[in-house]
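Listing of entry_1.tsv, TSV, C-alpha atoms
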chain	number	residue	atom	x	y	z
A	1	MET	CA	-1.84	-18.36	8.86
A	2	SER	CA	-1.17	-16.45	12.09
A	3	ASP	CA	-4.21	-15.48	14.11
A	4	PRO	CA	-4.76	-11.82	13.16
A	5	ARG	CA	-6.86	-11.05	16.22
A	6	ALA	CA	-3.74	-10.38	18.24
A	7	VAL	CA	-2.68	-7.44	16.10
A	8	LEU	CA	-5.48	-6.31	13.81
A	9	PHE	CA	-7.97	-3.58	14.58
A	10	THR	CA	-11.31	-3.79	12.84
A	11	ARG	CA	-11.88	-1.17	10.17
A	12	ARG	CA	-14.48	0.50	12.45
A	13	ASP	CA	-12.00	0.56	15.35
A	14	LEU	CA	-9.35	2.10	13.12
A	15	LEU	CA	-11.62	4.87	11.87
A	16	SER	CA	-12.67	5.69	15.44
A	17	VAL	CA	-9.16	5.71	16.87
A	18	THR	CA	-7.58	7.63	14.02
A	19	ALA	CA	-10.31	10.26	13.92
A	20	ALA	CA	-9.47	11.09	17.51
A	21	ALA	CA	-5.76	10.96	16.78
A	22	ALA	CA	-6.09	13.27	13.78
A	23	SER	CA	-7.91	15.89	15.82
A	24	ALA	CA	-5.39	15.67	18.65
A	25	ALA	CA	-2.13	15.58	16.68
A	26	MET	CA	-0.42	18.80	15.64
A	27	PHE	CA	0.65	17.62	12.20
A	28	PRO	CA	3.48	19.59	10.59
A	29	PRO	CA	3.36	21.26	7.17
A	30	GLY	CA	3.78	18.76	4.38
A	31	VAL	CA	1.32	16.18	5.70
A	32	TYR	CA	-0.57	16.79	2.49
A	33	ALA	CA	1.87	16.21	-0.34
A	34	SER	CA	1.97	19.18	-2.67
A	35	GLY	CA	3.19	19.21	-6.23
A	36	PHE	CA	4.03	16.13	-8.24
A	37	HIS	CA	7.28	14.21	-8.38
A	38	ARG	CA	8.07	12.95	-11.87
A	39	PHE	CA	10.98	10.80	-13.04
A	40	THR	CA	11.84	8.21	-15.65
A	41	HIS	CA	12.95	4.66	-15.08
A	42	GLY	CA	13.95	2.65	-18.12
A	43	ALA	CA	10.97	2.62	-20.48
A	44	PHE	CA	8.64	4.01	-17.80
A	45	ASP	CA	7.64	7.61	-17.17
A	46	ILE	CA	6.47	7.84	-13.55
A	47	THR	CA	4.62	10.54	-11.63
A	48	VAL	CA	4.03	9.97	-7.92
A	49	VAL	CA	0.54	11.27	-7.19
A	50	SER	CA	-0.66	11.75	-3.62
A	51	ASP	CA	-3.91	10.27	-2.35
A	52	GLY	CA	-3.49	12.36	0.80
A	53	PHE	CA	-2.66	10.69	4.10
A	54	ILE	CA	-4.11	8.42	6.73
A	55	THR	CA	-3.54	8.43	10.47
A	56	LEU	CA	-2.46	5.28	12.25
A	57	PRO	CA	-2.24	4.67	16.00
A	58	ALA	CA	0.91	3.50	17.75
A	59	GLU	CA	-0.69	0.12	18.46
A	60	ILE	CA	-0.75	-0.53	14.70
A	61	LEU	CA	2.53	1.11	13.72
A	62	LEU	CA	4.62	-0.08	16.65
A	63	PRO	CA	3.16	-3.15	18.36
A	64	ASP	CA	6.65	-4.46	19.26
A	65	ALA	CA	8.14	-1.17	20.52
A	66	THR	CA	8.63	-0.20	24.16
A	67	PRO	CA	6.68	2.81	25.47
A	68	GLU	CA	9.84	4.91	25.22
A	69	GLU	CA	10.50	3.78	21.65
A	70	ARG	CA	6.89	4.47	20.69
A	71	GLN	CA	7.04	8.01	22.01
A	72	MET	CA	10.28	8.78	20.21
A	73	ILE	CA	9.32	7.24	16.86
A	74	MET	CA	5.80	8.67	16.79
A	75	ALA	CA	7.31	12.12	17.25
A	76	ARG	CA	9.73	11.47	14.40
A	77	LEU	CA	6.76	10.59	12.19
A	78	GLY	CA	5.16	13.94	12.94
A	79	GLY	CA	2.51	12.61	15.29
A	80	ASN	CA	2.00	12.08	18.99
A	81	ASP	CA	1.20	9.23	21.35
A	82	GLN	CA	-2.26	8.87	19.81
A	83	GLY	CA	-1.44	8.72	16.12
A	84	ALA	CA	0.84	9.67	13.28
A	85	PRO	CA	0.17	10.58	9.64
A	86	VAL	CA	1.42	8.35	6.85
A	87	GLN	CA	1.30	9.30	3.18
A	88	ALA	CA	-0.41	7.47	0.35
A	89	ASN	CA	1.85	7.61	-2.72
A	90	ILE	CA	0.39	6.29	-5.96
A	91	PRO	CA	2.57	5.81	-9.06
A	92	LEU	CA	1.02	6.92	-12.34
A	93	ILE	CA	3.09	5.14	-14.98
A	94	ARG	CA	3.18	5.77	-18.70
A	95	HIS	CA	4.51	2.92	-20.82
A	96	GLY	CA	3.94	3.20	-24.54
A	97	ASP	CA	0.21	3.69	-25.03
A	98	ASP	CA	-0.60	2.55	-21.50
A	99	LEU	CA	-1.35	4.82	-18.55
A	100	ILE	CA	-1.14	2.66	-15.44
A	101	LEU	CA	-2.00	3.19	-11.77
A	102	ILE	CA	-0.45	1.00	-9.09
A	103	ASP	CA	-3.38	1.00	-6.62
A	104	ASN	CA	-6.11	3.64	-6.76
A	105	GLY	CA	-6.35	4.91	-3.20
A	106	SER	CA	-9.20	5.24	-0.72
A	107	GLY	CA	-11.88	7.16	-2.52
A	108	SER	CA	-14.63	7.82	0.04
A	109	ASN	CA	-14.16	4.43	1.70
A	110	PHE	CA	-11.56	5.18	4.34
A	111	GLN	CA	-10.40	8.26	6.23
A	112	SER	CA	-11.45	11.72	5.02
A	113	THR	CA	-7.84	12.90	4.80
A	114	ALA	CA	-7.27	10.41	1.97
A	115	GLY	CA	-9.11	9.85	-1.29
A	116	LYS	CA	-7.43	12.77	-3.07
A	117	LEU	CA	-6.10	10.87	-6.10
A	118	ALA	CA	-8.89	11.79	-8.50
A	119	VAL	CA	-8.58	15.50	-7.69
A	120	ASN	CA	-4.81	15.38	-8.09
A	121	LEU	CA	-5.04	13.50	-11.38
A	122	SER	CA	-7.41	16.21	-12.59
A	123	ALA	CA	-4.84	18.84	-11.60
A	124	LEU	CA	-2.37	16.97	-13.80
A	125	GLY	CA	-4.84	17.04	-16.67
A	126	VAL	CA	-5.40	13.27	-16.54
A	127	ASP	CA	-8.88	12.18	-17.60
A	128	PRO	CA	-10.04	9.06	-15.69
A	129	ALA	CA	-11.12	7.62	-19.05
A	130	LYS	CA	-7.47	7.66	-20.19
A	131	ILE	CA	-6.28	5.23	-17.50
A	132	THR	CA	-5.76	1.89	-19.26
A	133	LYS	CA	-4.63	-0.35	-16.37
A	134	VAL	CA	-4.96	-0.47	-12.59
A	135	VAL	CA	-2.77	-2.92	-10.67
A	136	PHE	CA	-3.73	-3.73	-7.09
A	137	THR	CA	-0.89	-4.62	-4.74
A	138	HIS	CA	-3.69	-5.83	-2.46
A	139	ALA	CA	-7.34	-5.12	-1.70
A	140	HIS	CA	-7.25	-3.12	1.52
A	141	PRO	CA	-9.55	-0.06	1.46
A	142	ASP	CA	-6.75	2.52	1.26
A	143	HIS	CA	-5.44	0.79	-1.87
A	144	SER	CA	-8.57	-0.27	-3.75
A	145	GLY	CA	-11.33	1.83	-2.19
A	146	ALA	CA	-11.55	4.25	-5.13
A	147	THR	CA	-12.52	1.54	-7.62
A	148	THR	CA	-16.06	2.92	-7.79
A	149	THR	CA	-17.62	6.30	-7.21
A	150	SER	CA	-20.14	6.96	-4.45
A	151	ASP	CA	-22.96	6.03	-6.85
A	152	GLY	CA	-21.36	2.70	-7.74
A	153	LYS	CA	-19.87	3.57	-11.13
A	154	VAL	CA	-16.37	2.35	-12.03
A	155	LEU	CA	-14.15	5.40	-11.67
A	156	TYR	CA	-11.71	4.43	-14.43
A	157	PRO	CA	-14.20	3.15	-17.02
A	158	ASN	CA	-11.73	2.06	-19.68
A	159	ALA	CA	-9.13	0.45	-17.43
A	160	HIS	CA	-8.29	-3.22	-17.19
A	161	TYR	CA	-7.57	-4.40	-13.65
A	162	PHE	CA	-5.00	-6.79	-12.18
A	163	VAL	CA	-4.83	-8.51	-8.80
A	164	SER	CA	-3.05	-11.64	-7.65
A	165	ARG	CA	-5.00	-14.89	-7.85
A	166	VAL	CA	-4.26	-15.62	-4.18
A	167	GLU	CA	-5.63	-12.21	-3.19
A	168	TRP	CA	-8.81	-12.78	-5.17
A	169	ASP	CA	-9.31	-16.27	-3.77
A	170	PHE	CA	-8.78	-15.10	-0.20
A	171	TRP	CA	-11.17	-12.15	-0.13
A	172	THR	CA	-13.90	-13.57	-2.38
A	173	ASP	CA	-14.24	-16.95	-0.70
A	174	LYS	CA	-17.98	-17.42	-0.24
A	175	ASN	CA	-17.29	-19.04	3.14
A	176	PHE	CA	-14.94	-16.24	4.28
A	177	GLU	CA	-16.95	-15.21	7.34
A	178	ALA	CA	-17.27	-18.79	8.54
A	179	LYS	CA	-13.54	-19.42	8.15
A	180	MET	CA	-11.97	-16.16	9.25
A	181	PRO	CA	-12.21	-14.16	12.49
A	182	GLN	CA	-14.69	-11.30	12.69
A	183	VAL	CA	-11.89	-8.75	12.76
A	184	LEU	CA	-11.42	-9.36	9.02
A	185	HIS	CA	-15.06	-9.37	7.94
A	186	GLY	CA	-15.26	-5.64	7.24
A	187	PHE	CA	-12.09	-5.75	5.19
A	188	ALA	CA	-13.49	-8.64	3.16
A	189	GLN	CA	-16.70	-6.74	2.46
A	190	GLY	CA	-14.68	-3.80	1.16
A	191	ALA	CA	-12.45	-6.03	-0.95
A	192	GLN	CA	-15.46	-7.79	-2.44
A	193	ARG	CA	-17.10	-4.45	-3.22
A	194	ASP	CA	-14.02	-3.33	-5.15
A	195	LEU	CA	-13.07	-6.58	-6.87
A	196	PHE	CA	-16.58	-7.61	-7.88
A	197	ALA	CA	-17.16	-4.19	-9.43
A	198	VAL	CA	-14.47	-4.91	-12.04
A	199	ARG	CA	-14.65	-8.69	-12.30
A	200	ASP	CA	-15.58	-8.45	-15.99
A	201	ARG	CA	-12.33	-6.61	-16.71
A	202	LEU	CA	-10.03	-8.28	-14.17
A	203	THR	CA	-6.95	-10.44	-14.80
A	204	LEU	CA	-5.65	-12.68	-12.02
A	205	VAL	CA	-1.85	-12.76	-11.95
A	206	LYS	CA	0.85	-14.64	-10.13
A	207	PRO	CA	4.49	-13.85	-9.26
A	208	GLY	CA	6.82	-13.97	-12.26
A	209	GLU	CA	4.21	-12.72	-14.74
A	210	GLU	CA	4.36	-9.34	-16.46
A	211	ILE	CA	1.67	-6.67	-16.60
A	212	VAL	CA	3.40	-5.00	-19.57
A	213	PRO	CA	6.91	-5.72	-20.84
A	214	GLY	CA	9.37	-4.92	-18.05
A	215	MET	CA	6.68	-4.66	-15.31
A	216	LEU	CA	7.06	-7.83	-13.24
A	217	VAL	CA	4.80	-9.19	-10.50
A	218	VAL	CA	6.79	-10.01	-7.33
A	219	GLY	CA	5.26	-12.10	-4.56
A	220	THR	CA	5.43	-10.37	-1.16
A	221	PRO	CA	2.71	-12.16	0.85
A	222	GLY	CA	1.80	-11.65	4.48
A	223	HIS	CA	0.37	-8.16	4.76
A	224	THR	CA	-2.44	-9.88	2.92
A	225	PRO	CA	-2.16	-13.46	1.65
A	226	GLY	CA	-1.90	-12.36	-1.98
A	227	HIS	CA	0.01	-9.12	-1.58
A	228	ILE	CA	2.29	-8.36	-4.52
A	229	SER	CA	4.94	-5.79	-5.29
A	230	ILE	CA	5.84	-4.58	-8.76
A	231	GLU	CA	9.36	-4.53	-10.23
A	232	LEU	CA	10.18	-2.23	-13.13
A	233	ALA	CA	13.14	-3.10	-15.34
A	234	GLY	CA	15.85	-0.58	-16.15
A	235	ASP	CA	18.42	1.55	-14.34
A	236	GLY	CA	19.10	-1.12	-11.72
A	237	ASN	CA	15.39	-1.91	-11.38
A	238	LEU	CA	12.73	-0.26	-9.24
A	239	LEU	CA	10.55	-2.01	-6.65
A	240	VAL	CA	7.08	-0.57	-6.04
A	241	THR	CA	6.58	-2.15	-2.64
A	242	GLY	CA	2.93	-1.51	-1.77
A	243	ASP	CA	2.57	-2.41	1.91
A	244	ALA	CA	5.28	-5.05	1.99
A	245	CYS	CA	7.31	-2.51	3.95
A	246	THR	CA	4.84	-0.04	5.38
A	247	ASN	CA	7.07	2.67	6.86
A	248	ASP	CA	10.45	4.04	5.79
A	249	VAL	CA	11.51	4.79	9.37
A	250	ILE	CA	10.14	1.96	11.49
A	251	PHE	CA	10.71	-1.09	9.36
A	252	PHE	CA	14.00	-0.04	7.83
A	253	GLU	CA	15.54	0.58	11.22
A	254	HIS	CA	13.74	-2.34	12.90
A	255	PRO	CA	13.24	-5.04	10.26
A	256	SER	CA	12.33	-7.63	12.91
A	257	TRP	CA	9.33	-5.65	14.15
A	258	HIS	CA	5.76	-6.51	13.21
A	259	PHE	CA	3.05	-4.28	11.75
A	260	GLY	CA	-0.43	-4.37	13.23
A	261	PHE	CA	-2.34	-4.70	9.96
A	262	ASP	CA	-0.44	-7.70	8.64
A	263	THR	CA	-2.89	-10.56	8.20
A	264	ASP	CA	-0.17	-13.20	8.55
A	265	ALA	CA	2.39	-11.47	10.73
A	266	GLU	CA	5.26	-13.94	10.40
A	267	THR	CA	4.94	-14.36	6.64
A	268	ALA	CA	4.82	-10.57	6.28
A	269	LEU	CA	7.97	-10.29	8.37
A	270	LYS	CA	9.81	-12.73	6.10
A	271	SER	CA	8.63	-10.90	2.97
A	272	ARG	CA	9.73	-7.55	4.39
A	273	GLN	CA	13.16	-8.83	5.38
A	274	MET	CA	13.61	-10.49	1.98
A	275	LEU	CA	12.63	-7.30	0.20
A	276	LEU	CA	14.98	-5.08	2.20
A	277	ASP	CA	17.86	-7.53	1.97
A	278	ARG	CA	17.49	-7.77	-1.79
A	279	ALA	CA	17.10	-4.04	-2.24
A	280	ALA	CA	20.24	-3.33	-0.20
A	281	SER	CA	22.27	-6.10	-1.86
A	282	GLU	CA	21.30	-5.15	-5.41
A	283	LYS	CA	21.05	-1.39	-4.78
A	284	LEU	CA	17.51	-1.33	-6.11
A	285	ARG	CA	15.52	1.85	-6.14
A	286	MET	CA	12.28	1.53	-4.14
A	287	LEU	CA	8.96	3.36	-4.06
A	288	GLY	CA	6.85	2.90	-0.94
A	289	TYR	CA	3.13	3.57	-0.67
A	290	HIS	CA	3.13	4.93	2.88
A	291	TRP	CA	6.62	6.44	2.96
A	292	ALA	CA	7.36	10.17	3.24
A	293	TYR	CA	6.37	11.70	-0.10
A	294	PRO	CA	7.43	10.97	-2.78
A	295	GLY	CA	8.55	7.70	-1.20
A	296	ILE	CA	11.52	7.01	-3.47
A	297	GLY	CA	14.88	5.85	-2.19
A	298	TYR	CA	17.28	3.05	-1.36
A	299	ALA	CA	17.94	0.70	1.54
A	300	GLU	CA	21.45	0.86	3.01
A	301	ARG	CA	22.58	-1.56	5.71
A	302	ARG	CA	23.20	0.02	9.10
A	303	GLY	CA	24.11	-2.46	11.82
A	304	SER	CA	21.27	-4.95	12.23
A	305	GLY	CA	18.88	-2.75	10.25
A	306	TYR	CA	18.76	-0.38	7.34
A	307	ALA	CA	18.61	3.31	6.61
A	308	PHE	CA	16.26	4.78	4.06
A	309	VAL	CA	18.24	7.01	1.72
A	310	LYS	CA	16.18	9.32	-0.45
A	311	ALA	CA	16.83	9.03	-4.17
Conversion result in structure tokens:
Amino acid sequence: MSDPRAVLFTRRDLLSVTAAAASAAMFPPGVYASGFHRFTHGAFDITVVSDGFITLPAEILLPDATPEERQMIMARLGGNDQGAPVQANIPLIRHGDDLILIDNGSGSNFQSTAGKLAVNLSALGVDPAKITKVVFTHAHPDHSGATTTSDGKVLYPNAHYFVSRVEWDFWTDKNFEAKMPQVLHGFAQGAQRDLFAVRDRLTLVKPGEEIVPGMLVVGTPGHTPGHISIELAGDGNLLVTGDACTNDVIFFEHPSWHFGFDTDAETALKSRQMLLDRAASEKLRMLGYHWAYPGIGYAERRGSGYAFVKA
């Protein structure tokens, strides 16, 4: 595994930096996604529900960019030299009698501009008790932080949970702090909080297995060791990418660039390039967690990179 200390901020550092960035940036209208984007894909009825947004600094989004490239791209993302907002798009998927979330957002465990999923589900008339499955692409706090409420109760009390076996093994290793650098200790504590809360209703999965018929687990490691994406059958197939490709501008146009929160930077790079190459070759529809809402589109080859084309 690559040494993450070269690129990773601690969770405390991130909250400090991005709080300052959020107050300094003049974010444009639309930073908070409004409304709900609904579509069908094969046997799946999908609504993209916003969890709000988080703010990331240039050091995380663009560690490989020149100062001039950073300034230009941060402006394109609606931010400034201190930080830029990125959405949190969560698919709510109906399949037969199942109502499935792919990730459950931040809750109160990350930045205050996120954690809006529960409110938005309520606006849709969705009772938390009706959610039957929650699939974690990985256990970072902006993806699994809403597993419990502030008083420790499981937010979706009737749901069964899924996470990759590699992800579980990595974060729940009892010797984690002795083995891994301190920069990851806070992330591990958050992951353990979320995963242990549902361990009695948790299934460990591996690539190639299905969550429900037509919902396939795809291995996309690197952002975290056990990161997975989800592929939905039908209509040319749809890839729910999680954080395998974190931004629809930066990493489409610059697929050789790294992302500052990738635990294993080189493995993440290979997964991202594989994902984009396959999506472009097979004309797969994609849905990205941190892409401009609703985060649905295609990858088209443009020179040495790709363009994100909205669906």
Contacts of region 76-168 of chain A with region 199-223 of chain A up to 8 Å, shortest pair per row, all atoms listed in the file, as a tab-separated table:
residue	atom	partner	partner_atom	distance
A:Ala159	CA	A:Arg201	CA	7.8
A:His160	CA	A:Arg201	CA	5.3
A:Tyr161	CA	A:Leu202	CA	4.6
A:Phe162	CA	A:Thr203	CA	4.9
A:Val163	CA	A:Leu204	CA	5.3
A:Ser164	CA	A:Val205	CA	4.6
A:Arg165	CA	A:Leu204	CA	4.8
A:Val166	CA	A:Lys206	CA	7.9
A:Trp168	CA	A:Leu204	CA	7.5
Calculate how many Å separate CA of Asp264 (chain A) from CA of Pro63 (chain A), rounding to one decimal.
->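 CA of Pro63 (chain A) lies 14.4 Å from CA of Asp264 (chain A).
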(request) Could you check how far CA of Pro128 (chain A) sits from CA of Pro141 (chain A), in Å to one decimal? (result)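 Computing it gives 19.4 Å between the two atoms.
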request  = Quick one: pull the distance between CA of Gly297 (chain A) and CA of Phe53 (chain A), Å, one decimal.
outcome  =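 Going from CA of Gly297 (chain A) over to CA of Phe53 (chain A), I get 19.3 Å.
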Residues near Arg38 (chain A), cut-off 12 Å, only C-alpha atoms, skip fewer than 3 positions along chain, as a list in words:
Gly35, His41, Phe44, Asp45, Ile46, Thr47, Val48, Val49, Ile90, Pro91, Leu92, Ile93, Arg94, Leu124, Tyr293, Pro294, Gly295 and Ile296 of chain A
Excluding Asp127 (chain A) and its own-chain neighbours fewer than 3 positions away, which residues fall within 12 Å of it when counting all atoms listed in the file? Please give them as a short mmCIF file (atom, residue, chain, number, x, y, z; two decimals) with C-alpha atoms, in the frame of the given file.
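The resulting file, part11.cif, is reproduced below:
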data_model
loop_
_atom_site.label_atom_id
_atom_site.label_comp_id
_atom_site.auth_asym_id
_atom_site.auth_seq_id
_atom_site.Cartn_x
_atom_site.Cartn_y
_atom_site.Cartn_z
CA LEU A 99 -1.35 4.82 -18.55
CA LEU A 117 -6.10 10.87 -6.10
CA ALA A 118 -8.89 11.79 -8.50
CA VAL A 119 -8.58 15.50 -7.69
CA ASN A 120 -4.81 15.38 -8.09
CA LEU A 121 -5.04 13.50 -11.38
CA SER A 122 -7.41 16.21 -12.59
CA ALA A 123 -4.84 18.84 -11.60
CA LEU A 124 -2.37 16.97 -13.80
CA LYS A 130 -7.47 7.66 -20.19
CA ILE A 131 -6.28 5.23 -17.50
CA THR A 132 -5.76 1.89 -19.26
CA LEU A 155 -14.15 5.40 -11.67
CA TYR A 156 -11.71 4.43 -14.43
CA PRO A 157 -14.20 3.15 -17.02
CA ASN A 158 -11.73 2.06 -19.68
CA ALA A 159 -9.13 0.45 -17.43
#
Compile the contact shell of Phe170 (chain A) as a PDB file with C-alpha atoms, in the frame of the given file: residues with an atom at most 9 Å away, counting all atoms listed in the file, same-chain residues fewer than 5 positions apart removed.
ATOM      1  CA  ARG A 165      -5.000 -14.890  -7.850  1.00  0.00           C
ATOM      2  CA  PHE A 176     -14.940 -16.240   4.280  1.00  0.00           C
ATOM      3  CA  ALA A 188     -13.490  -8.640   3.160  1.00  0.00           C
ATOM      4  CA  THR A 224      -2.440  -9.880   2.920  1.00  0.00           C
ATOM      5  CA  PRO A 225      -2.160 -13.460   1.650  1.00  0.00           C
ATOM      6  CA  GLY A 226      -1.900 -12.360  -1.980  1.00  0.00           C
TER       7      GLY A 226
END
Check: Which residues, written as a list in words, have at least one atom at most 8 Å from Val240 (chain A), with only C-alpha atoms counted and residues fewer than 2 positions away on the same chain left out?
Finding: Ser229, Ile230, Glu231, Leu232, Leu238, Gly242, Met286, Leu287, Gly288 and Tyr289 of chain A
Which residue, A:Gly190, A:Gly105, A:Thr172, A:Leu61, has the smallest gap to Phe261 (chain A) when you use only C-alpha atoms?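 Closest candidate: A:Leu61.
Environment of (-0.9, 5.0, 20.1): residues at most 9 Å away, judged by all atoms listed in the file, are A:Val17, A:Ala21, A:Leu56, A:Pro57, A:Ala58, A:Glu59, A:Ile60, A:Leu61, A:Leu62, A:Arg70, A:Gln71, A:Met74, A:Asn80, A:Asp81, A:Gln82, A:Gly83, A:Ala84.
Residues lying within 8 Å of Lys283 (chain A), counting all atoms listed in the file and ignoring same-chain neighbours fewer than 2 positions away, are Gly236, Arg278, Ala279, Ala280, Ser281, Arg285, Tyr298 and Ala299 of chain A.
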Worksheet item: Which residue, A:His254, A:Ile228, A:His138, A:His95, has the smallest gap to Gly42 (chain A) when you use all atoms listed in the file?
Response: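 Comparing A:His254, A:Ile228, A:His138, A:His95 against Gly42 (chain A), the winner is A:His95.
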